[in-house]
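Chemist: Input input_6.txt, format and content: compact mmCIF, C-alpha atoms.
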# COMPACT_ATOMS: atom_id res chain seq x y z
CA MET A 32 0.00 0.00 0.00
CA ILE A 33 1.13 3.53 -0.84
CA ALA A 34 0.42 6.16 1.80
CA ILE A 35 -0.23 9.71 0.61
CA ILE A 36 0.34 12.06 3.51
CA LYS A 37 -2.73 14.16 4.21
CA TYR A 38 -2.08 17.67 5.41
CA ASN A 39 -3.31 21.19 4.78
CA ALA A 40 -2.04 21.36 1.21
CA GLY A 41 -3.97 20.94 -2.01
CA ASN A 42 -3.36 18.67 -4.97
CA ILE A 43 -3.65 15.39 -3.09
CA ARG A 44 -6.48 14.12 -5.26
CA SER A 45 -4.46 14.33 -8.46
CA VAL A 46 -1.61 12.30 -6.95
CA GLN A 47 -4.05 9.56 -5.98
CA ASN A 48 -5.62 9.69 -9.44
CA ALA A 49 -2.19 9.26 -11.02
CA LEU A 50 -1.48 6.21 -8.85
CA ASP A 51 -4.89 4.77 -9.77
CA ARG A 52 -4.06 5.17 -13.46
CA LEU A 53 -0.82 3.26 -12.91
CA GLY A 54 -2.70 0.51 -11.06
CA TYR A 55 -1.34 1.18 -7.56
CA LYS A 56 -3.57 1.19 -4.50
CA SER A 57 -3.07 4.20 -2.26
CA LYS A 58 -4.58 5.76 0.81
CA VAL A 59 -4.65 9.42 1.81
CA THR A 60 -3.90 9.45 5.52
CA ASP A 61 -2.44 11.44 8.43
CA ASP A 62 -2.35 8.39 10.69
CA ILE A 63 1.28 7.99 11.76
CA LYS A 64 1.08 4.20 12.21
CA GLU A 65 -0.49 3.80 8.79
CA ILE A 66 2.19 5.99 7.19
CA GLN A 67 4.97 4.04 8.93
CA ALA A 68 3.52 0.72 7.77
CA ALA A 69 3.17 1.73 4.09
CA ASP A 70 5.43 0.21 1.40
CA LYS A 71 6.03 3.67 0.00
CA VAL A 72 5.05 7.15 1.05
CA ILE A 73 4.18 10.17 -1.07
CA PHE A 74 4.37 13.64 0.45
CA PRO A 75 2.59 15.94 -2.02
CA GLY A 76 1.73 19.55 -1.72
CA VAL A 77 0.83 22.87 -3.15
CA GLY A 78 0.59 25.61 -0.58
CA GLU A 79 2.53 27.88 1.70
CA ALA A 80 5.65 26.65 3.53
CA GLY A 81 5.03 28.34 6.90
CA SER A 82 1.50 27.11 7.45
CA ALA A 83 2.32 23.65 6.06
CA MET A 84 5.26 23.21 8.51
CA LYS A 85 3.10 24.45 11.38
CA TYR A 86 0.46 21.87 10.51
CA LEU A 87 3.03 19.06 10.22
CA LYS A 88 4.48 19.91 13.64
CA GLU A 89 1.06 20.12 15.30
CA HIS A 90 0.24 16.66 13.99
CA LYS A 91 3.75 15.28 14.78
CA LEU A 92 4.08 14.48 11.09
CA ASP A 93 7.46 16.24 10.99
CA ILE A 94 9.08 13.63 13.23
CA CYS A 95 7.17 10.85 11.49
CA ILE A 96 8.39 11.87 8.01
CA LYS A 97 12.02 12.28 9.06
CA SER A 98 12.11 8.82 10.65
CA LEU A 99 10.61 6.94 7.67
CA LYS A 100 12.76 4.10 6.31
CA GLN A 101 10.84 3.13 3.16
CA PRO A 102 11.13 5.11 -0.11
CA VAL A 103 9.46 8.51 0.24
CA LEU A 104 8.61 10.82 -2.67
CA ALA A 105 7.97 14.49 -1.94
CA ILE A 106 6.38 16.63 -4.62
CA CYS A 107 6.60 20.42 -5.16
CA LEU A 108 6.09 22.07 -1.75
CA GLY A 109 6.98 18.65 -0.31
CA LEU A 110 10.50 19.01 -1.78
CA GLN A 111 10.86 22.48 -0.34
CA LEU A 112 9.71 21.34 3.11
CA MET A 113 12.43 18.66 3.05
CA CYS A 114 15.11 21.37 2.71
CA LYS A 115 16.71 23.18 5.67
CA TYR A 116 15.10 26.57 5.48
CA SER A 117 12.60 28.41 3.27
CA GLU A 118 12.43 32.13 2.62
CA GLU A 119 8.68 31.64 2.26
CA GLY A 120 7.27 32.66 5.62
CA ASN A 121 10.82 32.52 7.05
CA THR A 122 10.36 28.82 7.78
CA GLU A 123 12.62 26.24 9.40
CA CYS A 124 11.95 23.07 7.44
CA LEU A 125 12.65 19.34 7.88
CA GLY A 126 16.36 19.51 6.99
CA ILE A 127 16.51 16.22 5.08
CA PHE A 128 18.23 17.89 2.12
CA ASP A 129 21.23 20.15 2.53
CA ALA A 130 19.70 23.07 0.61
CA ASP A 131 17.77 26.26 1.21
CA VAL A 132 14.62 27.47 -0.51
CA LYS A 133 14.69 30.94 -2.06
CA ALA A 134 12.30 33.16 -3.98
CA PHE A 135 12.96 33.47 -7.72
CA PRO A 136 14.40 36.92 -8.44
CA PRO A 137 11.77 38.96 -10.34
CA ASP A 138 13.94 39.14 -13.50
CA ASP A 139 11.33 37.23 -15.46
CA ILE A 140 7.72 36.13 -15.03
CA VAL A 141 7.08 34.58 -11.61
CA PRO A 142 5.77 31.95 -10.82
CA HIS A 143 7.79 29.57 -12.96
CA MET A 144 4.71 27.98 -14.51
CA GLY A 145 4.60 25.49 -17.33
CA TRP A 146 6.66 22.80 -19.03
CA ASN A 147 10.42 22.83 -18.70
CA ASN A 148 13.19 20.31 -19.35
CA PHE A 149 16.32 19.24 -17.46
CA THR A 150 19.95 20.27 -17.76
CA ARG A 151 21.18 17.34 -15.66
CA ILE A 152 19.58 14.13 -14.36
CA LYS A 153 20.92 11.08 -12.55
CA GLY A 154 19.68 8.06 -10.68
CA GLU A 155 17.04 5.40 -10.92
CA ILE A 156 13.97 7.61 -10.81
CA PHE A 157 15.11 9.09 -14.14
CA ASN A 158 15.36 5.73 -15.90
CA ARG A 159 14.17 6.12 -19.52
CA ILE A 160 14.01 9.90 -19.12
CA GLU A 161 15.96 12.24 -21.41
CA LEU A 162 17.24 15.74 -20.69
CA GLU A 163 14.93 17.20 -23.34
CA ASN A 164 11.79 15.68 -21.78
CA ASP A 165 9.48 18.34 -20.34
CA VAL A 166 7.74 18.19 -16.98
CA TYR A 167 5.18 20.54 -15.45
CA PHE A 168 6.36 23.08 -12.88
CA VAL A 169 4.46 25.67 -10.91
CA HIS A 170 6.40 27.41 -8.14
CA THR A 171 7.51 30.79 -6.86
CA TYR A 172 10.31 29.48 -4.63
CA TYR A 173 13.12 27.10 -5.59
CA ALA A 174 15.62 24.83 -3.83
CA THR A 175 19.26 25.76 -4.37
CA LEU A 176 21.66 23.26 -5.95
CA SER A 177 23.35 20.94 -3.49
CA GLU A 178 24.94 17.51 -3.16
CA ASN A 179 21.39 16.17 -2.89
CA THR A 180 20.42 17.51 -6.33
CA ILE A 181 19.71 14.63 -8.75
CA ALA A 182 18.04 16.75 -11.45
CA GLU A 183 18.73 20.33 -12.39
CA SER A 184 16.60 22.72 -14.44
CA ASN A 185 16.97 26.33 -15.43
CA TYR A 186 14.59 29.22 -14.94
CA ILE A 187 16.11 32.63 -14.21
CA VAL A 188 18.65 30.62 -12.17
CA PRO A 189 19.71 26.96 -12.16
CA PHE A 190 17.74 25.12 -9.44
CA SER A 191 17.05 21.65 -8.03
CA ALA A 192 14.34 19.95 -10.09
CA ALA A 193 14.75 16.75 -8.07
CA MET A 194 16.65 15.76 -4.93
CA LYS A 195 17.61 12.60 -3.09
CA SER A 196 19.03 11.69 0.28
CA GLY A 197 19.00 8.00 1.22
CA ASN A 198 15.41 6.80 0.96
CA PHE A 199 14.05 10.34 0.44
CA TYR A 200 13.29 11.42 -3.12
CA ALA A 201 11.71 14.69 -4.16
CA THR A 202 10.62 16.47 -7.33
CA GLN A 203 9.94 20.19 -7.70
CA PHE A 204 7.80 19.44 -10.75
CA HIS A 205 4.49 17.61 -10.66
CA PRO A 206 4.95 14.10 -12.08
CA GLU A 207 1.21 13.53 -11.65
CA LYS A 208 0.55 16.39 -14.11
CA SER A 209 3.44 15.74 -16.50
CA ALA A 210 1.79 13.40 -19.02
CA GLU A 211 3.75 10.26 -20.00
CA VAL A 212 7.09 11.61 -18.78
CA GLY A 213 5.66 12.13 -15.31
CA GLU A 214 4.06 8.69 -15.36
CA GLN A 215 7.43 7.13 -16.16
CA ILE A 216 9.07 8.95 -13.24
CA LEU A 217 6.27 7.87 -10.88
CA LYS A 218 6.61 4.30 -12.16
CA ASN A 219 10.36 4.42 -11.54
CA PHE A 220 9.74 5.49 -7.95
CA LEU A 221 7.00 2.92 -7.40
CA GLN A 222 9.28 0.15 -8.69
CA LEU A 223 12.18 1.04 -6.35
CA MET B 136 13.96 26.34 -21.34
CA LEU B 137 10.41 27.10 -20.25
CA LYS B 138 8.11 26.20 -23.14
CA LYS B 139 5.30 28.25 -24.64
CA ARG B 140 2.02 26.54 -23.79
CA ILE B 141 -0.80 25.60 -26.17
CA ILE B 142 -4.13 25.56 -24.34
CA ALA B 143 -7.43 24.21 -25.64
CA CYS B 144 -10.66 25.59 -24.21
CA LEU B 145 -13.87 23.54 -24.03
CA ASP B 146 -17.26 25.10 -23.42
CA ILE B 147 -19.45 22.92 -21.21
CA ARG B 148 -23.21 23.06 -20.73
CA ASP B 149 -25.00 20.57 -18.46
CA GLY B 150 -21.93 18.36 -18.48
CA ARG B 151 -21.63 18.21 -22.28
CA THR B 152 -19.35 20.01 -24.74
CA VAL B 153 -21.27 22.73 -26.49
CA LYS B 154 -19.73 23.19 -29.90
CA GLY B 155 -19.84 20.50 -32.55
CA ILE B 156 -16.68 18.57 -32.97
CA ASN B 157 -15.23 16.53 -35.79
CA PHE B 158 -12.41 14.61 -34.24
CA VAL B 159 -12.05 11.28 -35.97
CA ASP B 160 -11.49 8.68 -33.29
CA ILE B 161 -13.91 9.93 -30.67
CA VAL B 162 -16.91 7.78 -29.83
CA ASP B 163 -18.87 10.48 -28.06
CA ALA B 164 -17.75 13.95 -29.11
CA GLY B 165 -20.21 15.54 -26.72
CA ASP B 166 -18.42 14.00 -23.76
CA PRO B 167 -15.86 16.51 -22.46
CA VAL B 168 -13.73 13.71 -21.01
CA GLU B 169 -13.43 11.92 -24.36
CA LEU B 170 -12.54 15.17 -26.08
CA ALA B 171 -10.04 16.14 -23.38
CA LYS B 172 -8.34 12.76 -23.64
CA ALA B 173 -8.02 13.19 -27.39
CA TYR B 174 -6.41 16.59 -26.87
CA VAL B 175 -3.95 15.22 -24.34
CA LYS B 176 -3.03 12.44 -26.76
CA GLN B 177 -2.38 15.13 -29.38
CA GLY B 178 -0.02 16.92 -27.01
CA VAL B 179 -2.06 19.82 -25.66
CA ASP B 180 -0.20 21.41 -22.73
CA GLU B 181 -3.19 22.43 -20.67
CA LEU B 182 -6.98 22.45 -20.83
CA VAL B 183 -9.59 24.98 -19.78
CA PHE B 184 -13.18 23.89 -19.16
CA LEU B 185 -15.58 26.79 -19.22
CA ASP B 186 -18.97 25.96 -17.72
CA ILE B 187 -21.79 27.96 -19.24
CA THR B 188 -24.54 26.06 -17.43
CA ALA B 189 -27.24 28.53 -16.52
CA THR B 190 -28.93 26.89 -13.55
CA ILE B 191 -27.57 26.27 -10.09
CA GLU B 192 -28.98 22.75 -9.71
CA LYS B 193 -27.08 21.67 -12.80
CA ARG B 194 -23.81 22.76 -11.18
CA LYS B 195 -23.61 19.40 -9.45
CA THR B 196 -23.16 17.91 -12.90
CA LEU B 197 -20.04 20.02 -13.25
CA ILE B 198 -18.47 18.67 -10.04
CA LYS B 199 -19.09 15.09 -11.22
CA LEU B 200 -17.55 15.98 -14.55
CA VAL B 201 -14.47 17.55 -12.93
CA GLU B 202 -13.98 14.35 -10.92
CA ARG B 203 -14.06 12.32 -14.13
CA ILE B 204 -11.66 14.70 -15.90
CA ALA B 205 -9.22 14.58 -12.98
CA ALA B 206 -9.31 10.79 -12.97
CA GLU B 207 -8.47 10.55 -16.67
CA ILE B 208 -6.27 13.54 -17.54
CA ASN B 209 -2.55 13.77 -16.73
CA VAL B 210 -1.94 17.41 -17.66
CA PRO B 211 -3.06 20.49 -15.69
CA PHE B 212 -6.58 21.81 -16.19
CA THR B 213 -8.53 24.91 -15.22
CA VAL B 214 -12.25 25.14 -14.57
CA GLY B 215 -14.16 28.40 -14.96
CA GLY B 216 -17.70 29.72 -15.16
CA GLY B 217 -20.18 30.53 -12.44
CA ILE B 218 -17.64 30.72 -9.61
CA ASN B 219 -18.89 33.30 -7.11
CA ALA B 220 -17.64 32.20 -3.73
CA ILE B 221 -14.77 30.40 -2.08
CA GLU B 222 -17.11 27.41 -1.53
CA ASP B 223 -17.45 26.97 -5.30
CA VAL B 224 -13.66 26.92 -5.55
CA SER B 225 -13.24 24.41 -2.71
CA ALA B 226 -15.67 22.01 -4.37
CA LEU B 227 -13.83 22.23 -7.72
CA ILE B 228 -10.35 21.84 -6.21
CA LYS B 229 -11.54 18.94 -4.07
CA ALA B 230 -12.91 17.32 -7.21
CA GLY B 231 -9.44 17.59 -8.78
CA ALA B 232 -9.24 20.88 -10.69
CA ASP B 233 -5.73 22.37 -10.69
CA LYS B 234 -6.81 25.97 -11.18
CA VAL B 235 -10.00 27.98 -11.31
CA SER B 236 -10.76 30.85 -13.63
CA ILE B 237 -12.82 33.79 -12.41
CA ASN B 238 -14.07 36.71 -14.44
CA SER B 239 -17.19 38.80 -13.61
CA SER B 240 -17.23 37.68 -9.98
CA ALA B 241 -13.66 38.95 -9.51
CA VAL B 242 -14.58 42.34 -10.97
CA ARG B 243 -17.64 42.61 -8.73
CA ARG B 244 -15.81 41.42 -5.62
CA PRO B 245 -12.01 41.55 -6.05
CA GLU B 246 -11.54 40.14 -2.52
CA LEU B 247 -12.44 36.77 -4.05
CA ILE B 248 -9.01 36.67 -5.74
CA THR B 249 -7.27 37.17 -2.40
CA GLU B 250 -9.50 34.61 -0.67
CA ILE B 251 -8.75 31.90 -3.23
CA ALA B 252 -5.03 32.74 -3.31
CA GLY B 253 -4.89 32.66 0.48
CA GLN B 254 -6.53 29.27 0.75
CA PHE B 255 -5.22 27.46 -2.31
CA GLY B 256 -2.20 29.48 -3.46
CA ASN B 257 -1.75 32.10 -6.17
CA GLN B 258 -1.00 29.44 -8.79
CA CYS B 259 -4.61 28.32 -8.46
CA VAL B 260 -6.22 31.63 -9.46
CA VAL B 261 -6.58 32.50 -13.12
CA VAL B 262 -8.21 35.89 -13.60
CA ALA B 263 -9.93 35.95 -16.98
CA ILE B 264 -10.34 39.40 -18.51
CA ASP B 265 -12.57 40.17 -21.49
CA SER B 266 -11.23 43.37 -23.00
CA LYS B 267 -12.62 45.63 -25.70
CA ARG B 268 -10.81 48.52 -27.35
CA HIS B 269 -12.56 51.87 -26.91
CA LYS B 270 -11.19 55.00 -28.59
CA THR B 271 -8.24 55.58 -26.30
CA ASP B 272 -8.40 52.78 -23.78
CA ASP B 273 -8.94 49.05 -23.33
CA VAL B 274 -12.04 48.44 -21.26
CA VAL B 275 -12.96 45.42 -19.13
CA TYR B 276 -16.30 43.77 -19.94
CA VAL B 277 -18.22 41.34 -17.75
CA ASP B 278 -21.21 38.98 -18.07
CA GLY B 279 -19.73 37.13 -21.01
CA GLY B 280 -18.81 40.35 -22.76
CA ARG B 281 -22.25 41.91 -22.49
CA THR B 282 -21.60 44.59 -19.85
CA PRO B 283 -18.87 47.25 -19.97
CA THR B 284 -17.25 48.30 -16.70
CA ASN B 285 -15.40 51.43 -15.63
CA TYR B 286 -12.14 49.51 -15.41
CA SER B 287 -9.30 49.89 -17.86
CA THR B 288 -7.81 46.52 -18.75
CA ILE B 289 -4.27 47.50 -17.74
CA TRP B 290 -5.40 48.79 -14.36
CA TRP B 291 -7.49 45.69 -13.68
CA ALA B 292 -4.72 43.28 -14.72
CA LYS B 293 -2.32 45.00 -12.31
CA GLU B 294 -4.94 45.04 -9.57
CA ALA B 295 -5.64 41.31 -10.09
CA GLU B 296 -1.91 40.57 -9.82
CA LYS B 297 -1.63 42.66 -6.66
CA ARG B 298 -4.54 40.79 -5.12
CA GLY B 299 -2.96 37.40 -5.76
CA ALA B 300 -3.82 36.24 -9.28
CA GLY B 301 -1.40 33.61 -10.55
CA GLU B 302 -2.18 34.10 -14.23
CA ILE B 303 -4.14 36.41 -16.53
CA LEU B 304 -6.30 34.90 -19.25
CA LEU B 305 -6.64 37.82 -21.63
CA THR B 306 -9.33 37.74 -24.31
CA SER B 307 -9.57 40.52 -26.83
CA MET B 308 -13.25 40.86 -27.75
CA ASN B 309 -12.28 42.75 -30.92
CA HIS B 310 -10.30 39.76 -32.13
CA ASP B 311 -12.28 36.84 -30.69
CA GLY B 312 -13.91 34.78 -33.44
CA CYS B 313 -12.39 36.83 -36.27
CA LYS B 314 -9.58 34.35 -36.96
CA GLU B 315 -7.30 37.20 -37.98
CA GLY B 316 -4.72 36.76 -35.25
CA PHE B 317 -4.28 37.49 -31.56
CA ALA B 318 -4.38 41.05 -30.20
CA ILE B 319 -0.65 41.71 -30.30
CA ASP B 320 -0.74 45.29 -29.00
CA LEU B 321 -3.12 44.58 -26.14
CA THR B 322 -1.21 41.43 -25.14
CA ASN B 323 2.02 43.45 -25.11
CA ARG B 324 0.50 46.17 -22.95
CA ILE B 325 -0.70 43.63 -20.40
CA CYS B 326 2.52 41.58 -20.42
CA GLU B 327 4.45 44.76 -19.70
CA ALA B 328 2.09 45.75 -16.90
CA VAL B 329 2.28 42.51 -14.91
CA ASN B 330 4.95 39.97 -13.94
CA ILE B 331 2.68 36.89 -13.90
CA PRO B 332 2.01 34.63 -16.91
CA VAL B 333 -0.42 36.00 -19.51
CA ILE B 334 -2.47 33.63 -21.67
CA ALA B 335 -3.37 35.23 -25.01
CA SER B 336 -6.86 34.34 -26.20
CA GLY B 337 -9.09 35.32 -29.10
CA GLY B 338 -8.37 35.57 -32.79
CA ALA B 339 -6.31 32.50 -33.64
CA GLY B 340 -7.23 31.28 -37.12
CA LYS B 341 -3.93 30.07 -38.53
CA MET B 342 -0.77 28.49 -37.16
CA GLU B 343 1.09 31.69 -38.06
CA HIS B 344 -0.98 33.55 -35.47
CA PHE B 345 0.55 31.49 -32.65
CA LYS B 346 4.03 32.22 -34.01
CA GLU B 347 3.20 35.94 -34.11
CA VAL B 348 1.93 36.08 -30.54
CA PHE B 349 4.91 34.14 -29.18
CA GLU B 350 7.47 36.10 -31.22
CA GLN B 351 6.00 39.55 -30.74
CA THR B 352 4.77 39.38 -27.12
CA LYS B 353 5.85 37.85 -23.84
CA ALA B 354 2.64 35.76 -23.63
CA SER B 355 3.30 32.45 -21.85
CA ALA B 356 0.50 30.60 -23.60
CA GLY B 357 -1.91 30.79 -26.50
CA LEU B 358 -5.50 29.61 -26.07
CA ALA B 359 -8.04 28.64 -28.69
CA ALA B 360 -11.26 26.68 -28.91
CA GLY B 361 -13.05 26.30 -32.24
CA ILE B 362 -10.01 25.91 -34.48
CA PHE B 363 -8.89 22.95 -32.38
CA HIS B 364 -12.36 21.41 -32.02
CA PHE B 365 -13.08 21.48 -35.70
CA GLY B 366 -9.69 20.10 -36.59
CA GLU B 367 -8.79 23.22 -38.58
CA ILE B 368 -5.47 23.26 -36.77
CA PRO B 369 -4.43 19.87 -35.43
CA ILE B 370 -2.29 20.39 -32.33
CA PRO B 371 0.58 18.10 -33.48
CA ASN B 372 0.86 20.11 -36.73
CA LEU B 373 0.82 23.37 -34.79
CA LYS B 374 3.63 22.20 -32.52
CA ASP B 375 5.72 20.91 -35.44
CA TYR B 376 5.26 24.22 -37.17
CA LEU B 377 6.20 26.27 -34.09
CA ARG B 378 9.32 24.17 -33.53
CA LYS B 379 10.37 24.79 -37.14
CA MET B 380 9.85 28.50 -36.50
CA ASN B 381 12.15 28.27 -33.44
CA VAL B 382 9.37 28.72 -30.89
CA ASP B 383 10.07 26.44 -27.93
CA VAL B 384 7.11 24.11 -27.35
CA ARG B 385 6.77 20.79 -25.57
CA CYS B 386 7.34 17.69 -27.68
Would you put the structure from the file into structure tokens?
Modeler:
Amino acid sequence: MIAIIKYNAGNIRSVQNALDRLGYKSKVTDDIKEIQAADKVIFPGVGEAGSAMKYLKEHKLDICIKSLKQPVLAICLGLQLMCKYSEEGNTECLGIFDADVKAFPPDDIVPHMGWNNFTRIKGEIFNRIELENDVYFVHTYYATLSENTIAESNYIVPFSAAMKSGNFYATQFHPEKSAEVGEQILKNFLQL
Amino acid sequence: MLKKRIIACLDIRDGRTVKGINFVDIVDAGDPVELAKAYVKQGVDELVFLDITATIEKRKTLIKLVERIAAEINVPFTVGGGINAIEDVSALIKAGADKVSINSSAVRRPELITEIAGQFGNQCVVVAIDSKRHKTDDVVYVDGGRTPTNYSTIWWAKEAEKRGAGEILLTSMNHDGCKEGFAIDLTNRICEAVNIPVIASGGAGKMEHFKEVFEQTKASAGLAAGIFHFGEIPIPNLKDYLRKMNVDVRC
């Protein structure tokens, strides 16, 4: 069973729909025991970093997430919450990835919204994926490049499109909204 | 490189697509889900579903439809039409919509933009603006283009951005349906006034028109309805053409 962590962020339905399409059973839950017992965990999210972290702490989901041993995939805001610190709401985050989250400088249109490709990818969740494949992004803040970066994209600045540390994987883009390319990346994670 | 987006818009009434369609391999062309799936297969980057259902009781049909769309479609989609309150938005987002589009209701009560942005994030709020050129100014119209307002389009676009809009869907009423190209000047004025993505809408009749709008303005996306529905411009051909013209689009 795949656990999708339920918290005060949107976009959870579309993640579950994507798993359904791939034939994987999933459950949206904030029950810590259920999350710990899942084969894999997905930590989705569109929303604001400060209020999301506050919610996670109140529900002890911060400690739960950090102590998970099975493969975990964070999406969008989920990736940012796994970094050390976010400029959004001046927020201390989970600190799983050694990177900070910054606002895009207003040198171009913000948010970074739409389909963009990669400048660098590595690792098993990018099996069968090419640099020129496009995935769907929508974000105003970005994670800086670090040793945890496993995919890099470019918009105004180079930023982390995907990150990994041990069993924790994260994508800034939305695989569940990225057509076949996103489905392949989700499949790669689900087959870990 | 961030790609220019091609967006197809579907008008929905009582859960069915309104305009006639002549896609080849669709069993039920009146079913918005079937049509949307065909578009996704063709490589459309995003979809907009505009509900023109008149009665409130039929709105439940829309929620059911949005649930079906969300279950089947793996690209982002926006739902608009008849959204007056945050409760309408909650129901649509819960059903699986990625974004909502608001038009007249935002003009009448601009706080709605802020309320939606606050609860679901700026990226979720598309403010649709119907604009008509008067002698010296671009004027915002509401009620499906029937009622002029006192707002200038530039002022309203800026105001919408300030209040938390994540995108502007800009339709030029002078160009809509004419098939003579997008409103280049108006799109430029709005793109210069705001720093959020602008979707150009109204006037596309040929593939060249998409090239023009992407080369001559900073529009992030081009939207059309009829020319896609009737197969006048197949989306794969449009994308091939744009790539040849050095416009970056998704493969």
Chemist: Any idea what's packed within 9 Å of Arg52 in chain A, counting only C-alpha atoms, ignoring anything in its chain fewer than 5 positions away? Could you give it as an MDAnalysis selection string?
Modeler: (chainID A and resid 47) or (chainID B and resid 206:207)
Chemist: Just give me the residues with any atom within 10 Å of (-5.8, 30.0, -7.9), file coordinates, counting only C-alpha atoms, written as a VMD selection string.
Modeler: chain B and resid 213 224 228 233 to 237 248 to 262 299 to 302
Chemist: Would you save the residues of that selection, restricted to C-alpha atoms, as a short mmCIF file (atom, residue, chain, number, x, y, z; two decimals), keeping the file's coordinate frame?
Modeler:
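Saved as out_20.cif:
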data_model
loop_
_atom_site.label_atom_id
_atom_site.label_comp_id
_atom_site.auth_asym_id
_atom_site.auth_seq_id
_atom_site.Cartn_x
_atom_site.Cartn_y
_atom_site.Cartn_z
CA THR B 213 -8.53 24.91 -15.22
CA VAL B 224 -13.66 26.92 -5.55
CA ILE B 228 -10.35 21.84 -6.21
CA ASP B 233 -5.73 22.37 -10.69
CA LYS B 234 -6.81 25.97 -11.18
CA VAL B 235 -10.00 27.98 -11.31
CA SER B 236 -10.76 30.85 -13.63
CA ILE B 237 -12.82 33.79 -12.41
CA ILE B 248 -9.01 36.67 -5.74
CA THR B 249 -7.27 37.17 -2.40
CA GLU B 250 -9.50 34.61 -0.67
CA ILE B 251 -8.75 31.90 -3.23
CA ALA B 252 -5.03 32.74 -3.31
CA GLY B 253 -4.89 32.66 0.48
CA GLN B 254 -6.53 29.27 0.75
CA PHE B 255 -5.22 27.46 -2.31
CA GLY B 256 -2.20 29.48 -3.46
CA ASN B 257 -1.75 32.10 -6.17
CA GLN B 258 -1.00 29.44 -8.79
CA CYS B 259 -4.61 28.32 -8.46
CA VAL B 260 -6.22 31.63 -9.46
CA VAL B 261 -6.58 32.50 -13.12
CA VAL B 262 -8.21 35.89 -13.60
CA GLY B 299 -2.96 37.40 -5.76
CA ALA B 300 -3.82 36.24 -9.28
CA GLY B 301 -1.40 33.61 -10.55
CA GLU B 302 -2.18 34.10 -14.23
#
Chemist: What is the CA of Val201 in chain B to CA of Asp180 in chain B distance in Å?
Modeler: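 Separation of CA of Val201 in chain B and CA of Asp180 in chain B: 17.7 Å.
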Chemist: Could you work out which residues of chain B fall inside 6 Å of chain A? Count only C-alpha atoms, and format the result as a tab-separated table (two decimals) with C-alpha atoms, in the frame of the given file.
Modeler:
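Output file iface_25.tsv follows:
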chain	number	residue	atom	x	y	z
B	136	MET	CA	13.96	26.34	-21.34
B	137	LEU	CA	10.41	27.10	-20.25
B	138	LYS	CA	8.11	26.20	-23.14
B	206	ALA	CA	-9.31	10.79	-12.97
B	209	ASN	CA	-2.55	13.77	-16.73
B	210	VAL	CA	-1.94	17.41	-17.66
B	211	PRO	CA	-3.06	20.49	-15.69
B	231	GLY	CA	-9.44	17.59	-8.78
B	256	GLY	CA	-2.20	29.48	-3.46
B	330	ASN	CA	4.95	39.97	-13.94
B	331	ILE	CA	2.68	36.89	-13.90
Chemist: Around all listed atoms of range 191-209 of chain B, padded 8 Å per side, what centre and edge lengths does the axis-aligned box have in Å to one decimal, as AutoDock Vina command-line options?
Modeler:
--center_x -15.8 --center_y 18.4 --center_z -13.5 --size_x 42.4 --size_y 31.7 --size_z 24.1
Chemist: Using all atoms listed in the file, which of the listed residues (A:Phe220, A:Tyr38, A:Ile127, A:Val103) sits closest to Ala69 in chain A?
Modeler: A:Val103
Chemist: List the spatial neighbours of range 263-267 of chain B as a CSV table (one decimal) with C-alpha atoms, in the frame of the given file - criterion: any atom at most 8 Å away, only C-alpha atoms, same-chain residues fewer than 3 positions off excluded.
Modeler:
chain,number,residue,atom,x,y,z
B,236,SER,CA,-10.8,30.8,-13.6
B,237,ILE,CA,-12.8,33.8,-12.4
B,238,ASN,CA,-14.1,36.7,-14.4
B,273,ASP,CA,-8.9,49.0,-23.3
B,274,VAL,CA,-12.0,48.4,-21.3
B,275,VAL,CA,-13.0,45.4,-19.1
B,276,TYR,CA,-16.3,43.8,-19.9
B,277,VAL,CA,-18.2,41.3,-17.8
B,279,GLY,CA,-19.7,37.1,-21.0
B,280,GLY,CA,-18.8,40.4,-22.8
B,288,THR,CA,-7.8,46.5,-18.8
B,292,ALA,CA,-4.7,43.3,-14.7
B,303,ILE,CA,-4.1,36.4,-16.5
B,304,LEU,CA,-6.3,34.9,-19.2
B,305,LEU,CA,-6.6,37.8,-21.6
B,306,THR,CA,-9.3,37.7,-24.3
B,307,SER,CA,-9.6,40.5,-26.8
B,308,MET,CA,-13.2,40.9,-27.8
B,309,ASN,CA,-12.3,42.8,-30.9
Chemist: Nearest residue to Ser82 in chain A out of A:Ala68, A:Leu112, A:Ile106, A:Met32, using all atoms listed in the file?
Modeler: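 Comparing A:Ala68, A:Leu112, A:Ile106, A:Met32 against Ser82 in chain A, the winner is A:Leu112.
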Chemist: Residues near range 132-135 of chain A, anyone? I mean within 8 Å using all atoms listed in the file, not counting same-chain ones fewer than 4 positions away, as a list of chain:residue names.
Modeler: A:Gln111, A:Cys114, A:Lys115, A:Tyr116, A:Ser117, A:Glu118, A:Glu119, A:Val141, A:Pro142, A:Thr171, A:Tyr172, A:Tyr173, A:Ala174, A:Thr175, A:Ile187, A:Val188
Chemist: Find the residue from A:Tyr200, A:Gln67, A:His90, A:Ala130 that sits nearest to Leu221 in chain A; use all atoms listed in the file when measuring.
Modeler: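 Checking each candidate against Leu221 in chain A, we get A:Tyr200 as the closest.
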Chemist: Using only C-alpha atoms and a cutoff of 10 Å, can you tell me which residues are near (11.6, 6.1, -20.3) in the file's coordinates, and write them out as number ranges by chain?
Modeler: A: 156-161, 164, 211-216, 218-219
